[in-house]
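*Asks:* File protein38.cif follows (mmCIF, C-alpha atoms, pLDDT in the B column; chains and numbers go by the auth columns):
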data_data
loop_
_atom_site.group_PDB
_atom_site.id
_atom_site.type_symbol
_atom_site.label_atom_id
_atom_site.label_comp_id
_atom_site.label_asym_id
_atom_site.label_seq_id
_atom_site.Cartn_x
_atom_site.Cartn_y
_atom_site.Cartn_z
_atom_site.B_iso_or_equiv
_atom_site.auth_seq_id
_atom_site.auth_asym_id
ATOM 1 C CA MET A 1 257.368 98.238 75.846 65.00 1 A
ATOM 2 C CA ALA A 2 256.643 101.934 76.340 76.00 2 A
ATOM 3 C CA TYR A 3 258.141 103.876 79.208 82.00 3 A
ATOM 4 C CA LYS A 4 257.469 107.271 80.785 84.00 4 A
ATOM 5 C CA LEU A 5 259.458 109.686 82.903 86.00 5 A
ATOM 6 C CA LYS A 6 258.198 111.023 86.222 92.00 6 A
ATOM 7 C CA GLU A 7 260.407 114.103 86.149 95.00 7 A
ATOM 8 C CA VAL A 8 263.247 115.836 84.343 95.00 8 A
ATOM 9 C CA THR A 9 265.756 118.164 86.080 97.00 9 A
ATOM 10 C CA ILE A 10 268.139 120.755 84.653 97.00 10 A
ATOM 11 C CA ARG A 11 270.408 123.331 86.281 97.00 11 A
ATOM 12 C CA THR A 12 269.625 126.792 84.922 97.00 12 A
ATOM 13 C CA SER A 13 269.100 130.471 85.736 97.00 13 A
ATOM 14 C CA ASN A 14 266.829 133.355 84.782 93.00 14 A
ATOM 15 C CA SER A 15 269.423 134.620 82.295 95.00 15 A
ATOM 16 C CA GLU A 16 268.680 134.882 78.581 95.00 16 A
ATOM 17 C CA GLU A 17 270.567 131.616 77.961 97.00 17 A
ATOM 18 C CA GLY A 18 268.777 129.943 80.881 96.00 18 A
ATOM 19 C CA THR A 19 265.387 131.010 79.525 93.00 19 A
ATOM 20 C CA LYS A 20 266.318 129.577 76.129 96.00 20 A
ATOM 21 C CA ILE A 21 267.192 126.216 77.724 95.00 21 A
ATOM 22 C CA ILE A 22 263.926 126.219 79.717 94.00 22 A
ATOM 23 C CA ASN A 23 261.932 126.839 76.530 92.00 23 A
ATOM 24 C CA GLU A 24 263.799 124.009 74.771 95.00 24 A
ATOM 25 C CA ILE A 25 263.067 121.472 77.492 95.00 25 A
ATOM 26 C CA TRP A 26 259.394 122.472 77.564 90.00 26 A
ATOM 27 C CA GLY A 27 259.296 122.024 73.785 91.00 27 A
ATOM 28 C CA ASP A 28 260.763 118.534 74.178 92.00 28 A
ATOM 29 C CA ILE A 29 258.142 117.691 76.812 89.00 29 A
ATOM 30 C CA THR A 30 255.112 119.046 74.946 86.00 30 A
ATOM 31 C CA SER A 31 256.216 117.385 71.701 87.00 31 A
ATOM 32 C CA GLY A 32 256.662 114.040 73.445 85.00 32 A
ATOM 33 C CA LYS A 33 260.405 113.885 72.729 89.00 33 A
ATOM 34 C CA LEU A 34 260.854 113.565 76.506 88.00 34 A
ATOM 35 C CA PRO A 35 258.141 111.098 77.614 87.00 35 A
ATOM 36 C CA LEU A 36 256.765 112.967 80.627 88.00 36 A
ATOM 37 C CA LEU A 37 253.204 113.756 79.496 85.00 37 A
ATOM 38 C CA PHE A 38 253.303 111.063 76.835 80.00 38 A
ATOM 39 C CA ASP A 39 254.896 107.660 77.132 76.00 39 A
ATOM 40 C CA SER A 40 257.692 106.651 74.779 78.00 40 A
ATOM 41 C CA GLY A 41 255.027 105.280 72.411 80.00 41 A
ATOM 42 C CA HIS A 42 253.520 108.807 72.210 79.00 42 A
ATOM 43 C CA MET A 43 250.385 107.877 74.157 80.00 43 A
ATOM 44 C CA PHE A 44 249.123 110.760 76.308 79.00 44 A
ATOM 45 C CA GLN A 45 249.164 109.956 80.034 80.00 45 A
ATOM 46 C CA LYS A 46 245.677 110.720 81.359 83.00 46 A
ATOM 47 C CA GLY A 47 245.362 112.262 84.787 85.00 47 A
ATOM 48 C CA VAL A 48 248.796 113.916 84.872 87.00 48 A
ATOM 49 C CA SER A 49 249.672 117.598 84.827 90.00 49 A
ATOM 50 C CA PRO A 50 253.103 119.165 84.336 92.00 50 A
ATOM 51 C CA VAL A 51 254.420 121.177 87.289 96.00 51 A
ATOM 52 C CA SER A 52 257.707 123.056 87.530 96.00 52 A
ATOM 53 C CA LYS A 53 259.634 122.776 90.780 98.00 53 A
ATOM 54 C CA TYR A 54 262.351 125.356 91.489 97.00 54 A
ATOM 55 C CA SER A 55 264.872 124.201 94.092 98.00 55 A
ATOM 56 C CA ASN A 56 268.522 124.069 95.122 98.00 56 A
ATOM 57 C CA TYR A 57 268.864 127.842 94.729 98.00 57 A
ATOM 58 C CA SER A 58 272.465 129.054 94.786 97.00 58 A
ATOM 59 C CA SER A 59 271.217 132.336 96.296 95.00 59 A
ATOM 60 C CA ASP A 60 267.919 133.836 95.190 92.00 60 A
ATOM 61 C CA GLU A 61 266.099 134.275 91.872 91.00 61 A
ATOM 62 C CA SER A 62 269.185 135.968 90.416 93.00 62 A
ATOM 63 C CA GLY A 63 271.392 132.860 90.772 96.00 63 A
ATOM 64 C CA ASP A 64 271.386 129.316 89.460 97.00 64 A
ATOM 65 C CA TYR A 65 268.727 126.828 90.524 98.00 65 A
ATOM 66 C CA ASP A 66 267.417 123.392 89.641 98.00 66 A
ATOM 67 C CA LEU A 67 264.301 123.281 87.492 97.00 67 A
ATOM 68 C CA THR A 68 262.458 119.990 87.742 98.00 68 A
ATOM 69 C CA ILE A 69 259.458 119.432 85.518 96.00 69 A
ATOM 70 C CA MET A 70 257.274 116.788 87.110 96.00 70 A
ATOM 71 C CA ALA A 71 254.232 114.813 86.003 93.00 71 A
ATOM 72 C CA VAL A 72 251.816 115.071 88.955 94.00 72 A
ATOM 73 C CA THR A 73 248.313 113.873 89.725 92.00 73 A
ATOM 74 C CA ALA A 74 245.478 115.863 91.287 89.00 74 A
ATOM 75 C CA ASP A 75 246.500 114.939 94.849 95.00 75 A
ATOM 76 C CA PHE A 76 249.628 117.109 94.429 96.00 76 A
ATOM 77 C CA PHE A 77 247.458 120.241 94.309 95.00 77 A
ATOM 78 C CA GLY A 78 245.547 119.181 97.421 96.00 78 A
ATOM 79 C CA LYS A 79 248.837 118.808 99.294 97.00 79 A
ATOM 80 C CA MET A 80 249.945 122.251 98.133 97.00 80 A
ATOM 81 C CA GLU A 81 246.664 123.795 99.300 97.00 81 A
ATOM 82 C CA THR A 82 247.256 122.205 102.722 97.00 82 A
ATOM 83 C CA ALA A 83 250.759 123.736 102.804 98.00 83 A
ATOM 84 C CA VAL A 84 249.234 127.133 101.953 98.00 84 A
ATOM 85 C CA SER A 85 246.671 126.806 104.774 98.00 85 A
ATOM 86 C CA LYS A 86 249.528 126.045 107.195 98.00 86 A
ATOM 87 C CA GLY A 87 251.370 129.225 106.133 97.00 87 A
ATOM 88 C CA LEU A 88 254.297 127.361 104.533 98.00 88 A
ATOM 89 C CA TYR A 89 253.511 128.617 101.031 98.00 89 A
ATOM 90 C CA LYS A 90 251.740 131.566 99.479 98.00 90 A
ATOM 91 C CA LYS A 91 249.613 130.868 96.423 98.00 91 A
ATOM 92 C CA TYR A 92 249.471 133.205 93.447 97.00 92 A
ATOM 93 C CA ASP A 93 246.858 132.831 90.714 95.00 93 A
ATOM 94 C CA GLU A 94 247.221 135.019 87.654 96.00 94 A
ATOM 95 C CA LYS A 95 245.408 134.744 84.350 94.00 95 A
ATOM 96 C CA ASP A 96 245.512 136.241 80.893 93.00 96 A
ATOM 97 C CA GLU A 97 242.240 137.130 79.207 91.00 97 A
ATOM 98 C CA ASN A 98 243.721 136.421 75.742 92.00 98 A
ATOM 99 C CA GLY A 99 245.027 132.968 76.662 90.00 99 A
ATOM 100 C CA GLU A 100 248.739 133.842 76.630 91.00 100 A
ATOM 101 C CA ILE A 101 250.554 131.569 79.108 90.00 101 A
ATOM 102 C CA GLY A 102 253.739 133.646 78.947 90.00 102 A
ATOM 103 C CA ILE A 103 251.881 136.801 79.937 94.00 103 A
ATOM 104 C CA CYS A 104 250.083 135.290 82.939 93.00 104 A
ATOM 105 C CA THR A 105 253.289 133.577 84.075 94.00 105 A
ATOM 106 C CA ARG A 106 255.220 136.845 83.876 93.00 106 A
ATOM 107 C CA LYS A 107 252.429 138.632 85.804 96.00 107 A
ATOM 108 C CA ALA A 108 252.555 136.015 88.573 97.00 108 A
ATOM 109 C CA TRP A 109 256.350 136.140 88.993 96.00 109 A
ATOM 110 C CA GLU A 110 256.407 139.954 88.856 96.00 110 A
ATOM 111 C CA LYS A 111 253.848 140.011 91.666 97.00 111 A
ATOM 112 C CA VAL A 112 256.071 137.678 93.737 98.00 112 A
ATOM 113 C CA TRP A 113 259.131 139.857 93.115 96.00 113 A
ATOM 114 C CA ARG A 114 257.214 143.081 93.987 97.00 114 A
ATOM 115 C CA GLU A 115 255.969 141.575 97.255 97.00 115 A
ATOM 116 C CA GLN A 116 259.443 140.278 98.022 96.00 116 A
ATOM 117 C CA LYS A 117 261.036 143.674 97.361 96.00 117 A
ATOM 118 C CA SER A 118 258.421 145.514 99.429 97.00 118 A
ATOM 119 C CA GLY A 119 258.848 143.074 102.331 97.00 119 A
ATOM 120 C CA ASP A 120 255.270 141.759 102.106 97.00 120 A
ATOM 121 C CA ILE A 121 256.672 138.232 101.839 97.00 121 A
ATOM 122 C CA LYS A 122 259.902 136.605 102.971 97.00 122 A
ATOM 123 C CA ARG A 123 260.882 133.846 100.565 97.00 123 A
ATOM 124 C CA VAL A 124 262.945 130.946 101.884 97.00 124 A
ATOM 125 C CA PHE A 125 264.218 129.671 98.487 97.00 125 A
ATOM 126 C CA THR A 126 263.732 125.990 99.281 97.00 126 A
ATOM 127 C CA GLU A 127 261.149 124.640 96.818 98.00 127 A
ATOM 128 C CA ASP A 128 258.716 126.712 94.776 98.00 128 A
ATOM 129 C CA TYR A 129 256.151 125.307 92.337 98.00 129 A
ATOM 130 C CA GLU A 130 254.528 126.599 89.161 97.00 130 A
ATOM 131 C CA SER A 131 251.612 125.191 87.214 95.00 131 A
ATOM 132 C CA THR A 132 250.492 126.832 83.993 92.00 132 A
ATOM 133 C CA VAL A 133 247.275 125.847 82.293 89.00 133 A
ATOM 134 C CA PRO A 134 246.628 126.714 78.640 85.00 134 A
ATOM 135 C CA SER A 135 243.292 128.366 77.896 85.00 135 A
ATOM 136 C CA GLU A 136 241.992 125.341 75.983 83.00 136 A
ATOM 137 C CA TYR A 137 242.052 123.330 79.247 81.00 137 A
ATOM 138 C CA THR A 138 240.286 125.872 81.480 86.00 138 A
ATOM 139 C CA LYS A 139 236.588 126.387 82.132 88.00 139 A
ATOM 140 C CA ASP A 140 236.855 130.164 81.661 90.00 140 A
ATOM 141 C CA GLY A 141 238.910 130.020 78.442 88.00 141 A
ATOM 142 C CA LYS A 142 241.787 132.010 79.980 90.00 142 A
ATOM 143 C CA ALA A 143 245.389 130.931 80.530 92.00 143 A
ATOM 144 C CA HIS A 144 246.249 130.510 84.214 93.00 144 A
ATOM 145 C CA CYS A 145 249.481 130.450 86.184 95.00 145 A
ATOM 146 C CA TYR A 146 249.488 129.115 89.735 96.00 146 A
ATOM 147 C CA LEU A 147 252.578 129.696 91.861 97.00 147 A
ATOM 148 C CA TYR A 148 253.260 128.205 95.273 98.00 148 A
ATOM 149 C CA ILE A 149 256.082 130.202 96.868 98.00 149 A
ATOM 150 C CA ALA A 150 257.772 128.920 100.039 98.00 150 A
ATOM 151 C CA ILE A 151 257.682 131.621 102.724 97.00 151 A
ATOM 152 C CA GLN A 152 258.639 132.172 106.343 94.00 152 A
#
Output the file's structure in the form of structure tokens.
*Replies:*
Amino acid sequence: MAYKLKEVTIRTSNSEEGTKIINEIWGDITSGKLPLLFDSGHMFQKGVSPVSKYSNYSSDESGDYDLTIMAVTADFFGKMETAVSKGLYKKYDEKDENGEIGICTRKAWEKVWREQKSGDIKRVFTEDYESTVPSEYTKDGKAHCYLYIAIQ
């Protein structure tokens, strides 16, 4: 009987070592070693998307936090859009013309950090969400990064 995970959580940071661990866990997920997008029989789970949840911050983005990678369905994004319309989250949408997920993700987070530093947003460091979409799964052929940042 095949099984699947709904989420995987690690404690990490934005340090070089933390980034290495994050890349390793994503490799395990995309390869099917951790059955989040695939079940344990390596069958792809239709209708699910991977989303990163950042929570349990020890301080801010410079400290440790929990990274949970979740398998979500489309209704998750509808709920996040509702939270944005209520002013609980701010949505960021960055893309890379050449399809590089790392570049669009870095652009999105740098925008958050600039707005935070300038005082344009006040982050609450409760739960933030990130969804990256490779170019081969988008209508425009570009990689996208969507961030939902909890704000006051």
*Asks:* Considering only C-alpha atoms, state which residue in the set A:Cys104, A:Leu67, A:Ala83, A:Ile121 is at the smallest distance from Ser13 of chain A.
*Replies:*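 Looking only at the distances to Ser13 of chain A, the closest residue turns out to be A:Leu67.
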*Asks:* Of the candidates A:Ser31, A:Thr68, A:Thr73, A:Ser85, which shows the shortest atom-to-atom distance to Phe44 of chain A, using only C-alpha atoms?
*Replies:*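 Using only C-alpha atoms, the shortest distance to Phe44 of chain A belongs to A:Ser31.
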*Asks:* Looking at A:Glu130, A:Asp28, A:Asp75, A:Glu17, which one is nearest to Lys90 of chain A, with distances taken over only C-alpha atoms?
*Replies:* A:Glu130
*Asks:* Under the PyMOL selection byres ((chain A and resi 41) around 10), which residues of this model are included? Write them out as a PDB file with C-alpha atoms, in the frame of the given file.
*Replies:*
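Listed below is the output, selection36.pdb:
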ATOM      1  CA  MET A   1     257.368  98.238  75.846  1.00 65.00           C
ATOM      2  CA  ALA A   2     256.643 101.934  76.340  1.00 76.00           C
ATOM      3  CA  TYR A   3     258.141 103.876  79.208  1.00 82.00           C
ATOM      4  CA  LYS A   4     257.469 107.271  80.785  1.00 84.00           C
ATOM      5  CA  GLY A  32     256.662 114.040  73.445  1.00 85.00           C
ATOM      6  CA  PRO A  35     258.141 111.098  77.614  1.00 87.00           C
ATOM      7  CA  PHE A  38     253.303 111.063  76.835  1.00 80.00           C
ATOM      8  CA  ASP A  39     254.896 107.660  77.132  1.00 76.00           C
ATOM      9  CA  SER A  40     257.692 106.651  74.779  1.00 78.00           C
ATOM     10  CA  HIS A  42     253.520 108.807  72.210  1.00 79.00           C
ATOM     11  CA  MET A  43     250.385 107.877  74.157  1.00 80.00           C
ATOM     12  CA  PHE A  44     249.123 110.760  76.308  1.00 79.00           C
TER      13      PHE A  44
END
*Asks:* Return the single residue from A:Glu81, A:Glu7, A:Asp66, A:Glu94 that is closest to Pro50 of chain A, with distances computed using only C-alpha atoms.
*Replies:* A:Glu7
*Asks:* Taking (259.8, 120.7, 83.7) as a centre in this file's frame and 12 Å as the limit, can you find every polymer residue with an atom that close, using all atoms listed in the file, and give them as a ChimeraX atom specification?
*Replies:* /A:5-12,21-30,34-37,49-54,66-72,129-132
*Asks:* Would you mind telling me which residue in A:Phe125, A:Tyr148, A:Tyr57, A:Trp113 lies nearest to Val84 of chain A when using all atoms listed in the file?
*Replies:*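 Using all atoms listed in the file, Val84 of chain A sits closest to A:Tyr148.
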*Asks:* So, counting only C-alpha atoms, which residue among A:Glu110, A:Asp128, A:Glu61, A:Asp140 is closest to Leu88 of chain A?
*Replies:*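 Smallest separation from Leu88 of chain A among the options: A:Asp128.
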*Asks:* Would you list the contacts of Asn14 of chain A as a VMD selection string, taking every protein, DNA or RNA residue within 9 Å and counting only C-alpha atoms, but skipping same-chain residues closer than 4 positions in sequence?
*Replies:* chain A and resid 18 to 19 61 to 65
*Asks:* What's the separation between atom CA of Lys142 of chain A and atom CA of Gln45 of chain A, in Å to one decimal place?
*Replies:*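 Calculated distance between atom CA of Lys142 of chain A and atom CA of Gln45 of chain A is 23.3 Å.
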*Asks:* Calculate how many Å separate atom CA of Lys46 of chain A from atom CA of Gly78 of chain A, rounding to one decimal.
*Replies:*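 If I compute the distance from atom CA of Lys46 of chain A to atom CA of Gly78 of chain A, I get 18.2 Å.
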*Asks:* What is the atom CA of Asn56 of chain A to atom CA of Gly119 of chain A distance in Å?
*Replies:*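 Interatomic distance here is 22.5 Å.
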